[in-house]
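Below is structure26.tsv, which holds TSV, C-alpha atoms.
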chain	number	residue	atom	x	y	z
R	1	MET	CA	30.83	-4.11	-27.15
R	2	ALA	CA	27.63	-3.15	-28.96
R	3	GLU	CA	23.93	-3.90	-28.53
R	4	LEU	CA	21.18	-2.99	-30.98
R	5	TYR	CA	17.45	-3.63	-31.15
R	6	VAL	CA	15.16	-2.05	-33.74
R	7	ARG	CA	11.53	-3.05	-34.14
R	8	ALA	CA	10.73	-4.01	-37.73
R	9	ASP	CA	8.09	-1.33	-38.38
R	10	PHE	CA	10.43	1.37	-37.01
R	11	GLN	CA	13.37	0.06	-39.06
R	12	ALA	CA	11.28	0.50	-42.22
R	13	LEU	CA	11.13	4.26	-41.57
R	14	TRP	CA	14.90	4.70	-42.06
R	15	ASP	CA	17.12	4.69	-45.12
R	16	GLY	CA	20.25	2.59	-45.33
R	17	GLY	CA	22.65	5.41	-46.14
R	18	GLN	CA	23.96	5.66	-42.58
R	19	PRO	CA	23.90	3.21	-39.66
R	20	ILE	CA	20.68	3.66	-37.70
R	21	PHE	CA	22.71	3.96	-34.50
R	22	ASP	CA	24.45	7.07	-35.85
R	23	GLN	CA	21.20	8.50	-37.21
R	24	LEU	CA	19.44	8.17	-33.86
R	25	MET	CA	22.36	9.65	-31.94
R	26	SER	CA	22.34	12.76	-34.16
R	27	ILE	CA	18.64	13.21	-34.93
R	28	GLN	CA	17.14	16.65	-34.31
R	29	GLY	CA	13.80	17.44	-32.69
R	30	GLU	CA	12.01	19.22	-29.86
R	31	VAL	CA	14.41	19.07	-26.89
R	32	PHE	CA	12.93	18.43	-23.42
R	33	ARG	CA	16.14	17.80	-21.51
R	34	ASP	CA	19.81	18.34	-22.23
R	35	LYS	CA	22.20	18.00	-19.31
R	36	GLU	CA	24.69	15.66	-17.64
R	37	GLY	CA	25.46	13.81	-20.86
R	38	ARG	CA	21.83	12.94	-21.61
R	39	LYS	CA	19.37	14.49	-24.06
R	40	THR	CA	15.66	13.77	-24.44
R	41	LEU	CA	13.83	14.93	-27.54
R	42	ARG	CA	10.65	14.36	-29.55
R	43	PHE	CA	10.82	13.75	-33.29
R	44	GLU	CA	8.58	12.79	-36.18
R	45	ARG	CA	9.12	9.96	-38.63
R	46	GLY	CA	6.67	8.67	-41.20
R	47	GLY	CA	3.83	10.73	-39.74
R	48	ARG	CA	4.38	9.25	-36.27
R	49	TYR	CA	5.98	10.80	-33.18
R	50	PHE	CA	8.62	9.26	-30.96
R	51	TYR	CA	10.82	10.18	-28.01
R	52	VAL	CA	14.51	9.38	-27.91
R	53	LYS	CA	16.79	9.49	-24.89
R	54	GLN	CA	20.39	9.86	-26.03
R	55	HIS	CA	23.24	9.12	-23.63
R	56	PHE	CA	26.65	10.49	-24.61
R	57	GLY	CA	28.68	9.42	-21.57
R	58	ILE	CA	28.76	11.29	-18.28
R	59	GLY	CA	32.55	11.28	-17.75
R	60	TRP	CA	34.61	9.95	-14.89
R	61	LYS	CA	34.13	13.12	-12.80
R	62	GLU	CA	30.35	12.61	-12.69
R	63	ILE	CA	30.76	8.88	-12.03
R	64	PHE	CA	33.04	9.47	-9.02
R	65	LYS	CA	30.76	12.27	-7.78
R	66	ASN	CA	27.78	9.89	-7.75
R	67	LEU	CA	29.75	7.10	-6.07
R	68	ALA	CA	31.02	9.52	-3.40
R	69	GLN	CA	27.37	10.35	-2.64
R	70	LEU	CA	26.56	6.61	-2.50
R	71	ARG	CA	24.44	6.94	-5.65
R	72	TYR	CA	24.74	4.53	-8.55
R	73	PRO	CA	25.40	6.60	-11.70
R	74	ILE	CA	23.15	6.21	-14.76
R	75	LEU	CA	25.68	5.24	-17.41
R	76	SER	CA	23.45	4.37	-20.36
R	77	ALA	CA	19.95	3.76	-21.67
R	78	LYS	CA	20.29	0.10	-20.69
R	79	THR	CA	18.87	0.79	-17.22
R	80	GLU	CA	15.58	1.97	-18.70
R	81	TRP	CA	15.62	-0.68	-21.45
R	82	LEU	CA	15.72	-3.42	-18.79
R	83	ALA	CA	13.33	-1.60	-16.44
R	84	ILE	CA	10.61	-1.25	-19.07
R	85	GLN	CA	10.81	-4.95	-19.84
R	86	ALA	CA	10.65	-5.83	-16.12
R	87	VAL	CA	7.62	-3.61	-15.56
R	88	LYS	CA	5.79	-4.99	-18.59
R	89	LYS	CA	6.31	-8.54	-17.28
R	90	LEU	CA	4.32	-7.52	-14.21
R	91	GLY	CA	1.40	-6.45	-16.39
R	92	ILE	CA	1.96	-2.75	-15.69
R	93	SER	CA	1.44	-0.50	-18.71
R	94	THR	CA	4.41	1.64	-19.67
R	95	LEU	CA	6.21	2.96	-22.75
R	96	GLU	CA	6.56	0.91	-25.92
R	97	ILE	CA	10.17	0.53	-27.04
R	98	VAL	CA	10.87	0.70	-30.78
R	99	ALA	CA	14.66	0.92	-30.67
R	100	TYR	CA	17.58	0.58	-28.27
R	101	GLY	CA	21.30	0.68	-28.78
R	102	CYS	CA	24.46	0.79	-26.69
R	103	ARG	CA	28.13	0.83	-27.71
R	104	GLY	CA	31.50	1.38	-26.08
R	105	ALA	CA	33.34	-0.43	-23.29
R	106	ASN	CA	34.45	2.71	-21.43
R	107	PRO	CA	31.62	3.46	-18.94
R	108	ALA	CA	32.48	7.16	-18.88
R	109	ARG	CA	32.19	7.53	-22.69
R	110	GLN	CA	29.55	4.92	-23.51
R	111	GLN	CA	26.98	5.97	-26.12
R	112	SER	CA	23.41	4.68	-26.06
R	113	PHE	CA	19.83	5.52	-26.96
R	114	LEU	CA	16.28	4.42	-26.22
R	115	VAL	CA	13.38	5.27	-28.56
R	116	THR	CA	9.76	4.92	-27.45
R	117	GLU	CA	6.44	5.60	-29.11
R	118	GLU	CA	4.66	8.77	-28.09
R	119	LEU	CA	1.68	8.13	-25.82
R	120	THR	CA	-1.35	10.08	-27.02
R	121	GLU	CA	-4.45	11.28	-25.19
R	122	VAL	CA	-2.82	10.91	-21.79
R	123	GLU	CA	-2.53	13.18	-18.76
R	124	SER	CA	-0.31	12.93	-15.72
R	125	LEU	CA	-2.03	12.19	-12.42
R	126	GLU	CA	-0.34	15.30	-11.04
R	127	SER	CA	-2.37	17.38	-13.51
R	128	PHE	CA	-5.45	15.16	-13.42
R	129	CYS	CA	-5.78	15.45	-9.62
R	130	ALA	CA	-4.74	19.13	-9.37
R	131	SER	CA	-8.31	20.43	-8.95
R	132	TRP	CA	-9.48	17.75	-6.54
R	133	GLU	CA	-9.09	19.96	-3.45
R	134	LYS	CA	-11.68	22.43	-4.79
R	135	GLU	CA	-13.57	20.11	-7.13
R	136	PRO	CA	-13.58	16.60	-5.60
R	137	PRO	CA	-14.03	13.69	-8.01
R	138	SER	CA	-16.61	10.97	-7.56
R	139	PHE	CA	-15.85	8.61	-4.71
R	140	SER	CA	-15.75	5.69	-7.14
R	141	LEU	CA	-13.11	7.28	-9.39
R	142	LYS	CA	-10.95	8.39	-6.47
R	143	LEU	CA	-11.09	4.98	-4.83
R	144	LYS	CA	-10.20	3.13	-8.02
R	145	LEU	CA	-7.24	5.43	-8.70
R	146	ILE	CA	-5.94	5.05	-5.15
R	147	GLN	CA	-6.22	1.27	-5.43
R	148	ALA	CA	-4.58	1.21	-8.88
R	149	VAL	CA	-1.58	3.27	-7.75
R	150	ALA	CA	-1.23	1.24	-4.55
R	151	GLN	CA	-1.34	-2.01	-6.53
R	152	ILE	CA	1.42	-0.79	-8.86
R	153	ALA	CA	3.56	0.20	-5.87
R	154	ARG	CA	2.94	-3.19	-4.24
R	155	LEU	CA	3.80	-5.14	-7.41
R	156	LEU	CA	7.04	-3.22	-7.93
R	157	HIS	CA	8.25	-3.59	-4.37
R	158	GLN	CA	7.22	-7.23	-4.06
R	159	THR	CA	9.32	-8.12	-7.09
R	160	GLY	CA	12.45	-6.16	-6.17
R	161	LEU	CA	11.84	-3.01	-8.21
R	162	ASN	CA	11.97	0.55	-6.89
R	163	HIS	CA	11.33	3.58	-9.08
R	164	ARG	CA	13.39	6.30	-7.32
R	165	ASP	CA	11.22	9.09	-8.81
R	166	PHE	CA	7.86	7.73	-7.71
R	167	TYR	CA	5.66	10.80	-8.07
R	168	LEU	CA	2.17	11.35	-9.50
R	169	CYS	CA	3.69	13.12	-12.51
R	170	HIS	CA	5.11	9.76	-13.63
R	171	PHE	CA	1.69	8.11	-13.77
R	172	LEU	CA	-0.30	8.84	-16.93
R	173	ILE	CA	-4.03	8.23	-17.29
R	174	LYS	CA	-5.49	7.49	-20.71
R	175	HIS	CA	-8.34	9.65	-22.04
R	176	PRO	CA	-11.18	9.12	-22.40
R	177	TYR	CA	-11.51	7.11	-19.22
R	178	ASP	CA	-14.34	5.21	-17.57
R	179	ASP	CA	-14.55	2.53	-14.88
R	180	PHE	CA	-11.74	0.63	-16.63
R	181	PHE	CA	-9.17	3.42	-17.02
R	182	GLN	CA	-5.59	2.65	-18.01
R	183	LEU	CA	-2.56	3.93	-16.09
R	184	TYR	CA	0.96	4.10	-17.52
R	185	LEU	CA	4.11	4.24	-15.38
R	186	ILE	CA	6.90	6.21	-17.04
R	187	ASP	CA	10.41	7.62	-16.46
R	188	LEU	CA	12.06	4.36	-15.47
R	189	HIS	CA	15.65	5.42	-16.26
R	190	ARG	CA	16.67	5.34	-12.59
R	191	MET	CA	14.77	2.20	-11.57
R	192	GLN	CA	16.70	-0.31	-9.49
R	193	ARG	CA	16.27	-4.10	-9.63
R	194	ARG	CA	17.12	-6.47	-6.78
R	195	LYS	CA	15.86	-9.66	-5.21
R	196	LYS	CA	14.70	-7.59	-2.23
R	197	ILE	CA	14.50	-3.82	-1.86
R	198	PRO	CA	16.29	-2.24	1.11
R	199	LEU	CA	13.82	-0.52	3.42
R	200	ARG	CA	15.14	2.98	2.68
R	201	TRP	CA	14.24	2.67	-1.00
R	202	ARG	CA	10.69	1.56	-0.20
R	203	ILE	CA	10.42	4.54	2.11
R	204	LYS	CA	11.69	6.86	-0.63
R	205	ASP	CA	9.17	5.59	-3.19
R	206	ILE	CA	6.13	5.78	-0.90
R	207	ALA	CA	7.22	9.15	0.49
R	208	GLY	CA	7.49	10.46	-3.06
R	209	LEU	CA	3.91	9.40	-3.75
R	210	TYR	CA	2.71	10.91	-0.48
R	211	PHE	CA	4.52	14.19	-1.13
R	212	SER	CA	3.14	14.54	-4.65
R	213	SER	CA	-0.41	13.77	-3.48
R	214	MET	CA	-0.44	16.58	-0.92
R	215	ASP	CA	-2.70	19.55	-1.75
R	216	ARG	CA	-4.89	17.20	-3.79
R	217	GLY	CA	-7.79	17.08	-1.36
R	218	LEU	CA	-7.06	13.58	-0.10
R	219	THR	CA	-8.44	12.67	3.31
R	220	GLN	CA	-7.10	10.60	6.16
R	221	LYS	CA	-9.36	7.75	5.07
R	222	ASP	CA	-7.95	7.97	1.54
R	223	LEU	CA	-4.42	7.50	2.91
R	224	LEU	CA	-5.58	4.50	4.94
R	225	ARG	CA	-7.25	3.04	1.84
R	226	PHE	CA	-3.93	3.28	0.04
R	227	LEU	CA	-2.08	1.54	2.88
R	228	ARG	CA	-4.62	-1.26	3.11
R	229	CYS	CA	-4.23	-1.99	-0.62
R	230	TYR	CA	-0.42	-1.63	-0.55
R	231	PHE	CA	0.09	-3.96	2.42
R	232	LYS	CA	-2.89	-6.25	1.69
R	233	THR	CA	-3.74	-6.65	5.34
R	234	SER	CA	-5.93	-5.05	8.00
R	235	LEU	CA	-5.39	-1.50	9.21
R	236	ARG	CA	-4.95	-2.80	12.76
R	237	THR	CA	-2.03	-4.97	11.60
R	238	ILE	CA	-0.52	-2.18	9.51
R	239	LEU	CA	-0.63	0.40	12.30
R	240	ALA	CA	0.84	-2.11	14.76
R	241	GLN	CA	3.58	-3.64	12.61
R	242	GLU	CA	4.53	-0.82	10.23
R	243	LYS	CA	4.64	2.10	12.66
R	244	ASN	CA	8.33	2.89	12.05
R	245	PHE	CA	7.91	2.63	8.28
R	246	LEU	CA	4.92	5.00	8.29
R	247	GLN	CA	6.71	7.50	10.50
R	248	ALA	CA	9.75	7.45	8.20
R	249	VAL	CA	7.55	7.95	5.12
R	250	GLN	CA	5.75	10.88	6.73
R	251	TRP	CA	8.97	12.54	7.88
R	252	ARG	CA	10.56	12.25	4.44
R	253	ALA	CA	7.46	13.49	2.63
R	254	MET	CA	7.04	16.47	4.95
R	255	THR	CA	10.73	17.33	4.64
R	256	LEU	CA	10.52	17.20	0.85
R	257	TYR	CA	7.41	19.40	0.88
R	258	ARG	CA	9.09	21.96	3.15
R	259	LYS	CA	12.21	21.99	0.97
R	260	THR	CA	10.21	22.34	-2.26
R	261	TYR	CA	7.62	24.95	-1.21
R	262	GLN	CA	9.37	26.69	1.70
R	263	ARG	CA	6.34	26.12	3.93
R	264	GLU	CA	4.77	23.41	6.02
R	265	ALA	CA	2.37	20.92	4.46
R	266	GLN	CA	-1.26	21.37	5.43
R	267	ALA	CA	-2.34	18.62	7.78
R	268	VAL	CA	-4.98	16.15	6.58
R	269	VAL	CA	-8.01	16.92	8.75
R	270	ARG	CA	-11.00	15.67	6.79
R	271	SER	CA	-12.02	12.10	7.47
R	272	SER	CA	-14.37	11.26	4.58
Transcribe the structure of this file into structure tokens.
Amino acid sequence: MAELYVRADFQALWDGGQPIFDQLMSIQGEVFRDKEGRKTLRFERGGRYFYVKQHFGIGWKEIFKNLAQLRYPILSAKTEWLAIQAVKKLGISTLEIVAYGCRGANPARQQSFLVTEELTEVESLESFCASWEKEPPSFSLKLKLIQAVAQIARLLHQTGLNHRDFYLCHFLIKHPYDDFFQLYLIDLHRMQRRKKIPLRWRIKDIAGLYFSSMDRGLTQKDLLRFLRCYFKTSLRTILAQEKNFLQAVQWRAMTLYRKTYQREAQAVVRSS
């Protein structure tokens, strides 16, 4: 069983001496991740830069370990290949795929890759918002970003998609920006697709966003603005009907903060 997609302009950058599948599984470059049977690296070709995620097979031990923890193992690049296409269909900006390949019937030894174009002049929202607590942005910019992130979360969850690593670091903002800034959603290799998302996965996604937005100078009103855009209803309705959901999100976010920083999260006290 083999699958292969190569965009025409990317194909033109390679010679025919060796199958492109083999070349992309052995290419060298700047390594960003290399563990659990998966390697991510940046490389140059024809004066352009790309990222490749190479999957070499995680082995049966890792598969059974994930299943024992009730986690679906990431077996190949196909998860992200399908996720990127699903996200793009929703009109959400994400990575541009130039090549994808998968071969092997044995799930423990399956080889695959995904190559995407490098995004330039972008910054993660984690970095972009880092100084907001001491240097607040304009109200207009903050409001539009809150609404944009909430709209992306709403679109994903409405259509049966959950990210699983839904943090500000996986949103990229394009520079230079103005009133019509562009956001990219990245790192979709663990995204799940269903007709309807179980509640716990919605909670995990929104709690991840909440956790990663702490210490960014957001106010109580900012959080309510997010909720109003995410649920598309009045605050009175949200607070009445989604009380258990909101409590679960807060508990998970606070627990994650405590585990990560070994201290309690600072309570949101400002109201503006």
Region 249-264 of chain R surroundings by all atoms listed in the file, 6 Å radius, close-in-sequence under 5 positions cut, as a CSV table (one decimal) with C-alpha atoms, in the coordinates of the input:
chain,number,residue,atom,x,y,z
R,203,ILE,CA,10.4,4.5,2.1
R,207,ALA,CA,7.2,9.2,0.5
R,211,PHE,CA,4.5,14.2,-1.1
ask   = Hey, what's within 10 Å of Tyr51 (chain R) if we count all atoms listed in the file and toss same-chain stuff fewer than 5 positions away? As a list in words, please?
value = Gly29, Glu30, Val31, Phe32, Thr40, Leu41, Arg42, Phe43, Glu44, Ile97, Val98, Leu114, Val115, Thr116, Glu117, Glu118 and Leu119 of chain R
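When CA of Lys53 (chain R) is paired with CA of Phe113 (chain R), their separation reads 5.4 Å.
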request  = Do a neighbour search on region 217-226 of chain R at 9 Å with all atoms listed in the file, toss out local chain neighbours closer than 3 positions, and write the hits as a ChimeraX atom specification.
outcome  = /R:129-136,142-143,146-147,149-151,210,213-214,229-231,235,268-272
task = Give the answer as one residue: which of R:Phe166, R:Phe171, R:Tyr5, R:Tyr177 has the shortest atom-to-atom distance to Leu209 (chain R), using all atoms listed in the file?
result =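 So, comparing all the options, the nearest one is R:Phe166.
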remark   = What separates CA of Ile27 (chain R) and CA of Asp9 (chain R) is a distance of 18.3 Å
task = Kindly indicate which residue among R:Ser93, R:Leu13, R:Leu188, R:Leu4 lies nearest to Tyr49 (chain R), using all atoms listed in the file for the distances.
result = R:Leu13
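Using only C-alpha atoms for every distance, the candidate list R:Leu168, R:Ala8, R:Val52, R:Ile238 yields R:Val52 as the residue closest to Gln23 (chain R).
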Non-local contacts of Arg103 (chain R) (8 Å; only C-alpha atoms; under 6 positions in same chain excluded) as a short mmCIF file (atom, residue, chain, number, x, y, z; two decimals) with C-alpha atoms, in the coordinates of the input:
data_model
loop_
_atom_site.label_atom_id
_atom_site.label_comp_id
_atom_site.auth_asym_id
_atom_site.auth_seq_id
_atom_site.Cartn_x
_atom_site.Cartn_y
_atom_site.Cartn_z
CA MET R 1 30.83 -4.11 -27.15
CA ALA R 2 27.63 -3.15 -28.96
CA GLU R 3 23.93 -3.90 -28.53
CA GLN R 110 29.55 4.92 -23.51
CA GLN R 111 26.98 5.97 -26.12
CA SER R 112 23.41 4.68 -26.06
#
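The nearest approach to Leu199 (chain R) among the residues R:Asn244, R:Gly16, R:His175, R:Ser234, with all atoms listed in the file taken into account, belongs to R:Asn244.
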request  = Give the answer as one residue: which of R:Arg228, R:Lys78, R:Lys88, R:Arg7 has the shortest atom-to-atom distance to Tyr184 (chain R), using only C-alpha atoms?
outcome  =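 Under the stated criterion, the closest residue is R:Lys88.
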ask   = Which residues, written as a PyMOL selection string, have at least one atom at most 9 Å from His163 (chain R), with all atoms listed in the file counted and residues fewer than 3 positions away on the same chain left out?
value = chain R and resi 156+166+187-192+201+205
query = From the list R:Gly37, R:Asn162, R:Gly91, R:Ser138, which residue is nearest Asp178 (chain R) when using all atoms listed in the file?
reply = R:Ser138
